[in-house]
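Each remark here refers to the structure printed beneath this line.
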Amino acid sequence: MIARLAFALTVIPFGLLLHVARQPLNGLDMAVAHDLHAHAVANPAWTRLMAFWTDALGPATWRVVVVGVAAWLAWRGAPLAAGWALITTVAGGLLGEGLKLLIDRARPIFPDPVSSAPGLSFPSGHALAATLGAGVLVLLARPALRGRPLPAALAWAGAALLALSVSYTRVALGVHWVSDVVGGMLLGVAVLAVSVLAFKPVRRRRSRATARALSP
C-alpha cells in the first residue's frame, strides 16, 4: 500500500517536471540559481563545505556502499535482499542517464563559476543516487526496524535529510537547476516504489533472510 501510494505521489509530479524540463527555463529555476550562486561567490568557506559534502556523498559513494552492503548480505545468507539492492541501484542509475539524454538540458552557466560538472542536467544524478542509496539502506533495514516506530521514523528522516542536503549542494554550487534536483529525488522515490512492488512475490522470503542477516 505504501509503495503504491509513493509511486502515485511521485509519478505525476515527475511527469510534470519532465514537461517543464523540456521547456525554456522557468523563473524559479533562474532566480534560485542566481541567488545561490551570488551567495557562493561571496562566501568561499561555505562553498568549500558544499563541495566537500557533494563529493563525499556523490553517486560513486552510494554505489560503493550499496555494493558493500549487498556483498555482506549475500555472505550472511540473504542473496535475495542483496540482489534487490543491486538491481534497484543499477536500474535507477541507468534510467537517470537515459532521461538525461532524452531531455538534453544544459547545466547552468555563470561567468564566474564556483564549480563545474560534466554531462547534462536533468535529472540530477547526485540527487537520484542519494535518494536511491539512502532509501535502499532503510528498506533493507526494515525487518530489523519492524515494531520500532521511533527508530524507523528516525531512519527515514535521516535518509530524507541526506537526499535533501546533497540536492541542495548541487544547486548551491551552480551545477544544477532546482527542477533538476527535484526531478532526481522524485525519480529515486518512484524507482524505489516500483522496485518494492516488482519484488513483492519474494519480499517475505527476503525479509526473513535479511532479519537473520542483521541479527548478531
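Lettering and numbering for the C-alpha cells are positional, with chains as A, B, ... in the shown order, residues counted from 1 in each chain, and ligands counted from 1 in the shown order.
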
- Message: Which residues are close to Pro113 of chain A, i.e. within 9 Å by only C-alpha atoms, leaving aside same-chain residues fewer than 4 positions away? Reply as a VMD selection string.
- Response: chain A and resid 37 41 109 173 to 175

Just C-alpha atoms for this one: save the residues we selected as a CSV table (one decimal), in the first residue's frame.
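This went into result32.csv:
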```
chain,number,residue,atom,x,y,z
A,37,HIS,CA,25.4,31.5,-7.0
A,41,VAL,CA,30.8,33.6,-4.7
A,109,ILE,CA,26.4,28.6,-16.9
A,173,LEU,CA,27.4,25.1,-6.4
A,174,GLY,CA,25.7,26.2,-9.6
A,175,VAL,CA,25.8,22.9,-11.4
```

- Message: Just to confirm, what's the straight-line distance from atom CA of Asp35 of chain A to atom CA of Ser115 of chain A in Å (one decimal)?
- Response: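 Between atom CA of Asp35 of chain A and atom CA of Ser115 of chain A the gap is 15.3 Å.
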
Against segment 132-137 of chain A, which residues of segment 26-71 of chain A fall within 12 Å? For each one I want the closest pair of atoms and the distance in Å (one decimal), counting only C-alpha atoms, rows by chain and increasing residue number, as a Markdown table.
```
| residue | atom | partner | partner_atom | distance |
| --- | --- | --- | --- | --- |
| A:Leu57 | CA | A:Gly133 | CA | 9.9 |
| A:Gly58 | CA | A:Gly133 | CA | 10.2 |
| A:Pro59 | CA | A:Gly133 | CA | 8.6 |
| A:Ala60 | CA | A:Gly133 | CA | 10.4 |
| A:Thr61 | CA | A:Gly133 | CA | 9.1 |
| A:Trp62 | CA | A:Gly133 | CA | 5.4 |
| A:Arg63 | CA | A:Gly133 | CA | 7.3 |
| A:Val64 | CA | A:Gly133 | CA | 9.8 |
| A:Val65 | CA | A:Gly133 | CA | 8.0 |
| A:Val66 | CA | A:Gly133 | CA | 6.7 |
| A:Val67 | CA | A:Gly133 | CA | 10.3 |
| A:Gly68 | CA | A:Leu137 | CA | 11.2 |
| A:Val69 | CA | A:Leu137 | CA | 8.3 |
| A:Ala70 | CA | A:Leu137 | CA | 9.9 |
```
